[in-house]
>>> print(open('work.txt').read())   # compact mmCIF, C-alpha atoms
# COMPACT_ATOMS: atom_id res chain seq x y z
CA MET H 1 13.19 -49.43 2.83
CA ARG H 2 11.89 -50.94 -0.39
CA ASP H 3 9.66 -48.13 -1.73
CA LEU H 4 10.29 -44.42 -1.04
CA ASN H 5 6.85 -43.51 -2.36
CA ARG H 6 5.22 -45.46 0.48
CA ILE H 7 7.09 -43.74 3.31
CA ASP H 8 5.16 -41.27 5.49
CA LEU H 9 7.09 -38.15 6.42
CA ASN H 10 5.55 -38.30 9.90
CA LEU H 11 7.15 -41.72 10.38
CA LEU H 12 10.59 -40.28 9.72
CA ARG H 13 9.90 -37.56 12.25
CA ILE H 14 8.97 -40.19 14.84
CA PHE H 15 12.06 -42.23 13.97
CA ASP H 16 14.27 -39.17 14.44
CA LEU H 17 12.74 -38.39 17.82
CA LEU H 18 12.98 -42.02 18.97
CA MET H 19 16.70 -41.88 18.24
CA THR H 20 16.97 -38.77 20.41
CA GLU H 21 14.67 -39.76 23.26
CA GLY H 22 15.17 -43.54 23.36
CA SER H 23 11.65 -43.90 24.71
CA VAL H 24 8.17 -44.40 23.27
CA SER H 25 6.55 -42.50 26.14
CA ARG H 26 8.86 -39.49 25.91
CA THR H 27 8.49 -39.41 22.12
CA ALA H 28 4.70 -39.46 22.49
CA GLU H 29 4.90 -36.64 25.04
CA LYS H 30 7.10 -34.51 22.77
CA LEU H 31 4.74 -34.92 19.83
CA ASN H 32 1.59 -34.64 21.93
CA LEU H 33 0.47 -38.07 20.74
CA SER H 34 -0.59 -41.24 22.52
CA GLN H 35 1.90 -44.05 23.20
CA SER H 36 -0.24 -46.41 21.14
CA THR H 37 0.08 -44.04 18.15
CA ILE H 38 3.88 -44.08 18.48
CA SER H 39 3.90 -47.86 18.84
CA HIS H 40 1.77 -48.20 15.70
CA ALA H 41 4.11 -45.86 13.82
CA LEU H 42 7.11 -47.93 14.94
CA SER H 43 5.43 -51.06 13.58
CA ARG H 44 5.02 -49.37 10.21
CA LEU H 45 8.63 -48.22 10.24
CA ARG H 46 9.79 -51.78 10.95
CA ARG H 47 7.84 -53.05 7.96
CA GLN H 48 9.18 -50.30 5.73
CA PHE H 49 12.82 -50.88 6.69
CA ASN H 50 12.49 -54.65 7.26
CA ASP H 51 14.26 -54.29 10.60
CA ASP H 52 13.31 -54.00 14.28
CA LEU H 53 14.99 -50.55 14.39
CA PHE H 54 14.36 -50.14 18.15
CA VAL H 55 14.32 -52.92 20.74
CA PRO H 56 13.22 -52.75 24.38
CA VAL H 57 16.01 -52.38 26.93
CA TYR H 58 16.09 -51.40 30.57
CA GLY H 59 14.79 -47.83 30.80
CA GLY H 60 13.66 -47.44 27.21
CA MET H 61 14.36 -48.42 23.59
CA ALA H 62 17.76 -48.97 21.97
CA PRO H 63 18.44 -48.56 18.22
CA THR H 64 19.60 -51.51 16.17
CA ASP H 65 22.66 -51.35 13.93
CA GLN H 66 20.38 -50.64 10.96
CA ALA H 67 18.76 -47.76 12.82
CA ARG H 68 22.16 -46.30 13.68
CA LEU H 69 23.18 -46.65 10.03
CA ILE H 70 20.26 -44.72 8.58
CA SER H 71 19.87 -42.23 11.43
CA PRO H 72 22.38 -39.58 10.20
CA ALA H 73 20.74 -39.39 6.77
CA ILE H 74 17.26 -39.08 8.28
CA ARG H 75 18.47 -36.44 10.76
CA GLN H 76 20.00 -34.44 7.90
CA ALA H 77 16.81 -34.74 5.84
CA MET H 78 14.70 -33.50 8.75
CA LEU H 79 17.03 -30.55 9.33
CA LEU H 80 16.90 -29.57 5.66
CA LEU H 81 13.11 -29.80 5.69
CA GLU H 82 12.88 -27.66 8.82
CA GLN H 83 15.16 -25.05 7.28
CA SER H 84 13.19 -24.94 4.04
CA LEU H 85 9.97 -24.35 5.99
CA THR H 86 11.33 -21.69 8.32
CA ASN H 87 13.93 -19.88 6.23
CA VAL H 88 12.94 -16.66 4.48
CA SER H 89 15.13 -15.31 1.73
CA VAL H 90 17.02 -12.26 2.87
CA PHE H 91 17.25 -9.13 0.75
CA GLU H 92 20.13 -6.83 1.57
CA PRO H 93 19.64 -3.54 -0.33
CA GLU H 94 23.13 -2.31 0.62
CA GLU H 95 24.72 -5.15 -1.36
CA SER H 96 22.08 -5.82 -4.01
CA GLU H 97 22.69 -5.14 -7.69
CA ALA H 98 19.10 -5.94 -8.65
CA THR H 99 17.33 -4.30 -11.56
CA PHE H 100 13.65 -3.56 -10.92
CA ARG H 101 11.33 -3.12 -13.90
CA ILE H 102 8.33 -0.87 -13.28
CA ALA H 103 5.56 -0.26 -15.81
CA GLY H 104 4.12 3.20 -15.31
CA GLY H 105 5.14 5.55 -18.08
CA ASP H 106 5.98 9.24 -17.89
CA TYR H 107 4.21 9.96 -14.61
CA VAL H 108 6.44 7.42 -12.88
CA GLU H 109 9.56 8.76 -14.62
CA LEU H 110 8.81 12.41 -13.94
CA ILE H 111 7.31 12.32 -10.44
CA ILE H 112 8.06 9.01 -8.72
CA VAL H 113 11.53 7.99 -9.91
CA PRO H 114 13.37 11.15 -8.76
CA ALA H 115 11.83 10.87 -5.30
CA LEU H 116 12.43 7.11 -5.16
CA MET H 117 16.08 7.33 -6.23
CA GLY H 118 16.64 10.17 -3.80
CA LYS H 119 15.33 7.95 -1.02
CA ILE H 120 17.17 4.73 -1.84
CA SER H 121 20.45 5.89 -3.40
CA GLY H 122 22.18 6.02 -0.02
CA GLN H 123 21.02 2.66 1.29
CA ALA H 124 20.98 0.80 -2.04
CA PRO H 125 23.61 2.44 -4.28
CA ASN H 126 23.81 -0.37 -6.85
CA ILE H 127 20.12 -0.95 -7.48
CA LYS H 128 18.90 -0.03 -10.95
CA LEU H 129 15.45 0.84 -12.33
CA GLU H 130 13.91 0.28 -15.75
CA ILE H 131 10.72 2.24 -16.40
CA LYS H 132 8.40 0.92 -19.09
CA ASP H 133 5.39 2.55 -20.73
CA LEU H 134 1.96 1.28 -19.81
CA LYS H 135 0.52 -0.98 -22.50
CA ALA H 136 -2.97 -2.17 -23.41
CA THR H 137 -2.57 -5.43 -21.48
CA ASP H 138 -3.76 -6.84 -18.16
CA TYR H 139 -0.10 -7.45 -17.14
CA SER H 140 -0.78 -10.95 -15.84
CA GLN H 141 1.75 -12.59 -18.16
CA GLU H 142 4.35 -9.82 -17.89
CA LEU H 143 4.35 -9.99 -14.10
CA GLU H 144 4.32 -13.79 -14.00
CA THR H 145 7.35 -14.05 -16.30
CA ARG H 146 9.10 -11.18 -14.49
CA ALA H 147 9.35 -9.10 -17.63
CA VAL H 148 7.91 -6.50 -15.24
CA ASP H 149 8.19 -6.50 -11.44
CA LEU H 150 5.55 -3.90 -10.56
CA VAL H 151 2.87 -1.94 -12.35
CA VAL H 152 1.70 1.54 -11.42
CA GLY H 153 -1.81 1.48 -12.85
CA PHE H 154 -5.18 3.13 -12.36
CA GLU H 155 -7.84 1.95 -9.96
CA LYS H 156 -10.85 2.38 -12.25
CA SER H 157 -9.32 1.63 -15.64
CA GLY H 158 -10.36 -2.04 -15.46
CA ARG H 159 -7.28 -3.11 -17.39
CA LEU H 160 -5.27 -4.93 -14.73
CA SER H 161 -6.00 -8.63 -14.27
CA LYS H 162 -8.19 -9.47 -11.28
CA ASN H 163 -5.73 -12.26 -10.46
CA LEU H 164 -3.02 -9.77 -9.54
CA LYS H 165 -2.33 -8.48 -6.05
CA SER H 166 -2.59 -4.71 -5.65
CA THR H 167 -2.73 -1.89 -3.15
CA ARG H 168 -3.76 1.74 -3.38
CA PHE H 169 -0.65 3.70 -4.11
CA LEU H 170 -1.12 7.38 -4.81
CA SER H 171 -4.15 9.63 -5.13
CA GLU H 172 -4.18 12.28 -7.85
CA ARG H 173 -6.46 14.87 -9.38
CA LEU H 174 -6.46 16.64 -12.72
CA VAL H 175 -5.80 20.34 -13.06
CA LEU H 176 -5.56 22.66 -16.03
CA VAL H 177 -2.07 23.91 -16.88
CA SER H 178 -1.36 27.05 -18.89
CA PRO H 179 1.95 28.64 -20.00
CA GLU H 180 0.53 32.07 -19.09
CA PRO H 181 -2.03 33.24 -16.54
CA ILE H 182 -5.56 33.00 -17.92
CA HIS H 183 -7.27 36.37 -17.86
CA ASP H 184 -10.51 36.60 -15.91
CA ALA H 185 -9.85 33.20 -14.33
CA SER H 186 -9.96 32.59 -10.61
CA ALA H 187 -8.21 29.66 -8.94
CA VAL H 188 -10.94 27.39 -10.34
CA ILE H 189 -11.64 26.98 -14.06
CA THR H 190 -15.30 26.65 -15.01
CA ALA H 191 -16.81 24.58 -17.77
CA ASP H 192 -17.57 27.74 -19.76
CA ALA H 193 -13.93 28.84 -19.56
CA ILE H 194 -12.76 25.46 -20.85
CA ARG H 195 -14.88 25.85 -23.98
CA ALA H 196 -12.82 28.86 -25.02
CA LEU H 197 -9.39 27.22 -24.59
CA ARG H 198 -7.22 25.33 -27.08
CA PHE H 199 -5.63 22.12 -25.81
CA ILE H 200 -2.71 19.81 -26.31
CA TYR H 201 -3.84 16.24 -25.82
CA PRO H 202 -0.87 14.24 -24.46
CA SER H 203 -2.10 10.70 -25.04
CA ILE H 204 0.87 9.33 -23.10
CA TRP H 205 -1.10 10.11 -19.95
CA GLY H 206 -3.74 7.55 -20.96
CA HIS H 207 -6.31 7.18 -18.20
CA SER H 208 -6.09 10.78 -16.99
CA GLN H 209 -7.02 12.14 -20.44
CA ALA H 210 -9.88 9.64 -20.72
CA LEU H 211 -11.12 10.90 -17.34
CA MET H 212 -11.13 14.45 -18.66
CA ASP H 213 -12.94 13.33 -21.83
CA GLU H 214 -15.68 11.78 -19.68
CA TRP H 215 -15.96 14.98 -17.64
CA CYS H 216 -16.36 17.05 -20.82
CA GLU H 217 -19.04 14.69 -22.11
CA ARG H 218 -21.02 14.95 -18.86
CA HIS H 219 -20.89 18.75 -19.06
CA GLY H 220 -21.70 18.91 -22.76
CA ILE H 221 -18.30 20.36 -23.66
CA GLN H 222 -16.47 19.77 -26.90
CA ARG H 223 -12.82 20.55 -26.18
CA THR H 224 -10.80 22.20 -28.94
CA ILE H 225 -7.81 19.87 -29.41
CA ALA H 226 -5.15 21.67 -31.42
CA ILE H 227 -2.48 18.97 -31.16
CA HIS H 228 -2.39 15.31 -30.22
CA THR H 229 1.04 14.13 -29.08
CA THR H 230 2.16 10.54 -28.80
CA GLY H 231 4.87 11.48 -26.36
CA PHE H 232 5.57 13.89 -23.57
CA LEU H 233 8.88 15.55 -24.38
CA ALA H 234 7.60 18.33 -26.69
CA VAL H 235 4.54 19.32 -24.64
CA PRO H 236 6.05 22.19 -22.58
CA GLU H 237 7.70 23.82 -25.61
CA LEU H 238 4.53 23.53 -27.69
CA MET H 239 2.52 25.11 -24.89
CA GLN H 240 4.96 28.03 -24.65
CA LYS H 241 5.24 28.65 -28.40
CA LEU H 242 1.57 28.21 -29.30
CA GLY H 243 -0.15 29.38 -26.11
CA LEU H 244 -1.94 26.05 -25.68
CA VAL H 245 -3.17 24.56 -22.40
CA THR H 246 -3.39 20.98 -21.23
CA VAL H 247 -4.86 18.89 -18.42
CA LEU H 248 -2.40 16.95 -16.27
CA PRO H 249 -2.13 15.37 -12.82
CA ALA H 250 -1.53 17.87 -10.02
CA ALA H 251 1.96 16.64 -9.23
CA VAL H 252 2.97 17.21 -12.85
CA ALA H 253 1.36 20.68 -12.77
CA LYS H 254 3.54 21.51 -9.78
CA TYR H 255 6.60 20.36 -11.71
CA TYR H 256 5.59 22.60 -14.66
CA ALA H 257 5.07 25.55 -12.34
CA ASP H 258 8.50 25.04 -10.79
CA GLN H 259 10.42 24.34 -14.00
CA PHE H 260 8.66 26.55 -16.57
CA ASN H 261 6.80 29.09 -14.44
CA PHE H 262 3.49 27.80 -15.82
CA SER H 263 0.16 28.53 -14.15
CA TRP H 264 -2.28 25.91 -12.97
CA TYR H 265 -5.99 25.95 -12.13
CA GLN H 266 -8.30 23.55 -10.40
CA ILE H 267 -11.28 22.38 -12.43
CA GLU H 268 -14.73 22.73 -10.94
CA ASP H 269 -15.40 19.06 -10.25
CA SER H 270 -14.14 16.70 -7.55
CA GLU H 271 -14.83 13.78 -9.91
CA LEU H 272 -11.54 14.52 -11.63
CA SER H 273 -9.69 12.74 -8.85
CA TYR H 274 -8.35 9.23 -9.34
CA GLN H 275 -6.25 6.60 -7.59
CA HIS H 276 -3.05 4.91 -8.70
CA LEU H 277 -2.61 1.23 -7.90
CA LEU H 278 0.58 -0.67 -7.26
CA ALA H 279 0.16 -4.19 -8.70
CA TRP H 280 2.30 -7.34 -8.57
CA HIS H 281 1.93 -11.06 -9.22
CA PRO H 282 0.78 -13.26 -6.29
CA LEU H 283 3.69 -15.64 -7.00
CA ARG H 284 5.95 -12.90 -5.63
CA ASP H 285 3.80 -11.92 -2.69
CA LYS H 286 6.56 -12.86 -0.23
CA ASP H 287 9.51 -11.89 -2.40
CA GLN H 288 11.73 -9.95 0.00
CA SER H 289 13.23 -7.71 -2.67
CA LEU H 290 9.78 -6.78 -3.94
CA LEU H 291 8.48 -6.21 -0.41
CA TRP H 292 11.37 -3.82 0.15
CA LEU H 293 10.71 -1.94 -3.11
CA LYS H 294 6.98 -1.63 -2.38
CA LYS H 295 7.75 -0.22 1.05
CA GLN H 296 10.00 2.43 -0.50
CA LEU H 297 7.41 3.32 -3.12
CA LEU H 298 4.60 3.65 -0.59
CA HIS H 299 6.77 5.96 1.51
CA VAL H 300 7.54 8.04 -1.59
CA ALA H 301 3.82 8.24 -2.43
CA LYS H 302 3.05 9.71 1.00
CA THR H 303 5.79 12.29 0.51
CA ILE H 304 4.43 13.28 -2.91
CA GLU H 305 0.90 13.64 -1.57
CA VAL H 306 2.12 15.89 1.27
CA HIS H 307 4.17 18.20 -0.96
CA ARG H 308 2.05 18.41 -4.09
CA ILE H 309 -0.55 21.10 -4.74
CA GLN H 310 -3.19 21.15 -2.02
>>> encode(input="work.txt", output="structure tokens")
Amino acid sequence: MRDLNRIDLNLLRIFDLLMTEGSVSRTAEKLNLSQSTISHALSRLRRQFNDDLFVPVYGGMAPTDQARLISPAIRQAMLLLEQSLTNVSVFEPEESEATFRIAGGDYVELIIVPALMGKISGQAPNIKLEIKDLKATDYSQELETRAVDLVVGFEKSGRLSKNLKSTRFLSERLVLVSPEPIHDASAVITADAIRALRFIYPSIWGHSQALMDEWCERHGIQRTIAIHTTGFLAVPELMQKLGLVTVLPAAVAKYYADQFNFSWYQIEDSELSYQHLLAWHPLRDKDQSLLWLKKQLLHVAKTIEVHRIQ
């Protein structure tokens, strides 16, 4: 063969089958092609290799010495090609020491990670997680370069790139959290009651606080913000010491109620519900390790939704 660039992969497939079948008719039948098509392909192969390759004998076609010489290499090439097209990488969580990087911030750390690690620690004891804060980016580059593997974002924030793949992950709603029971308050806090309260504004929660800001604007409410925090760690202690309230996702409110004996109240508006998204790069759409992790996360999300505040 004088020029590899001129060879047709289909010709090599026909050559390989001719070696096996020793017959133009049987080769044509195997490939569901006409005998004339196989004969034409053989003519092209002869020109490419400058050899007869197969000659007529009683009962079929016999390979020439040149054909026998090149046959093992072509057979190996066809096997490798078949394997590359059919093989799927295998992910074995029991043996993996992978580190998964998830962008999602405090909500992921506080609510999702404990449930996720509780689920996978037995079957994947050596897997590690790195949780990163959400940033003001569309995450296209971070996911493409694998600086981040998955993003837990917000459905209506409009920040995630439209080129990413995503699925609905976890539904949430905002509730009001107080360190002490609010006098004269039922299970639902009204807009008038909110006007009289003093708030901590935990900006780490990002989209959820913006959602509450929009709700206040629609209802003509100017919230009294006593403290803005850039982090989450000090919020419970500040609430206890200063008698401040805050607005947080329901799963976090349940955590506060369990850990600090705080009280929580629904807010009189169903519009304070929102949806988390799980986003990844399309280049990794068939990545077996990522498919496994997404499956675990989606299972955890269902568990959280069942057990959180109804």
>>> atom_distance(input="work.txt", atom1="CA of Arg44 (chain H)", atom2="CA of Leu9 (chain H)")
12.0 Å
>>> residues_around(input="work.txt", residues="Met117 (chain H)", least_positions_apart="4", cutoff="10 Å", atoms="only C-alpha atoms", output="PyMOL selection string")
chain H and resi 112-113+121-122+124-125+127-129+296+300
>>> write_last_selection(input="work.txt", atoms="C-alpha atoms", output="PDB file, in the coordinates of the input")
ATOM      1  CA  ILE H 112       8.060   9.010  -8.720  1.00  0.00           C
ATOM      2  CA  VAL H 113      11.530   7.990  -9.910  1.00  0.00           C
ATOM      3  CA  SER H 121      20.450   5.890  -3.400  1.00  0.00           C
ATOM      4  CA  GLY H 122      22.180   6.020  -0.020  1.00  0.00           C
ATOM      5  CA  ALA H 124      20.980   0.800  -2.040  1.00  0.00           C
ATOM      6  CA  PRO H 125      23.610   2.440  -4.280  1.00  0.00           C
ATOM      7  CA  ILE H 127      20.120  -0.950  -7.480  1.00  0.00           C
ATOM      8  CA  LYS H 128      18.900  -0.030 -10.950  1.00  0.00           C
ATOM      9  CA  LEU H 129      15.450   0.840 -12.330  1.00  0.00           C
ATOM     10  CA  GLN H 296      10.000   2.430  -0.500  1.00  0.00           C
ATOM     11  CA  VAL H 300       7.540   8.040  -1.590  1.00  0.00           C
TER      12      VAL H 300
END
>>> atom_distance(input="work.txt", atom1="CA of Thr145 (chain H)", atom2="CA of Gln275 (chain H)")
26.2 Å
>>> residues_around(input="work.txt", residues="Leu31 (chain H)", least_positions_apart="3", cutoff="9 Å", atoms="all atoms listed in the file", output="MDAnalysis selection string")
chainID H and resid 14 17 26:28 34
>>> atom_distance(input="work.txt", atom1="CA of Ile74 (chain H)", atom2="CA of Asp16 (chain H)")
6.8 Å
>>> closest_atom_pairs(input="work.txt", of="region 269-291 of chain H", to="region 99-106 of chain H", cutoff="10 Å", atoms="only C-alpha atoms", output="JSON lines")
{"residue": "H:His276", "atom": "CA", "partner": "H:Gly104", "partner_atom": "CA", "distance": 9.9}
{"residue": "H:Leu278", "atom": "CA", "partner": "H:Gly104", "partner_atom": "CA", "distance": 9.6}
{"residue": "H:Ala279", "atom": "CA", "partner": "H:Ala103", "partner_atom": "CA", "distance": 9.8}
{"residue": "H:Ser289", "atom": "CA", "partner": "H:Phe100", "partner_atom": "CA", "distance": 9.2}
{"residue": "H:Leu290", "atom": "CA", "partner": "H:Phe100", "partner_atom": "CA", "distance": 8.6}
>>> residues_around(input="work.txt", residues="Ser140 (chain H)", least_positions_apart="3", cutoff="10 Å", atoms="all atoms listed in the file", output="mmCIF file with C-alpha atoms, in the coordinates of the input")
data_model
loop_
_atom_site.group_PDB
_atom_site.id
_atom_site.type_symbol
_atom_site.label_atom_id
_atom_site.label_comp_id
_atom_site.auth_asym_id
_atom_site.auth_seq_id
_atom_site.Cartn_x
_atom_site.Cartn_y
_atom_site.Cartn_z
ATOM 1 C CA THR H 137 -2.570 -5.430 -21.480
ATOM 2 C CA LEU H 143 4.350 -9.990 -14.100
ATOM 3 C CA GLU H 144 4.320 -13.790 -14.000
ATOM 4 C CA THR H 145 7.350 -14.050 -16.300
ATOM 5 C CA ARG H 146 9.100 -11.180 -14.490
ATOM 6 C CA VAL H 148 7.910 -6.500 -15.240
ATOM 7 C CA LEU H 160 -5.270 -4.930 -14.730
ATOM 8 C CA SER H 161 -6.000 -8.630 -14.270
ATOM 9 C CA LYS H 162 -8.190 -9.470 -11.280
ATOM 10 C CA ASN H 163 -5.730 -12.260 -10.460
ATOM 11 C CA LEU H 164 -3.020 -9.770 -9.540
ATOM 12 C CA ALA H 279 0.160 -4.190 -8.700
ATOM 13 C CA TRP H 280 2.300 -7.340 -8.570
ATOM 14 C CA HIS H 281 1.930 -11.060 -9.220
ATOM 15 C CA PRO H 282 0.780 -13.260 -6.290
#
>>> residues_near_point(input="work.txt", point="(16.0, -58.8, 14.3)", cutoff="12 Å", atoms="all atoms listed in the file", output="PyMOL selection string")
chain H and resi 46-47+49-55+63-67
>>> closest_residue(input="work.txt", among="H:Thr37, H:Gln266, H:Gln240, H:Ser23", to="Val175 (chain H)", atoms="all atoms listed in the file")
H:Gln266
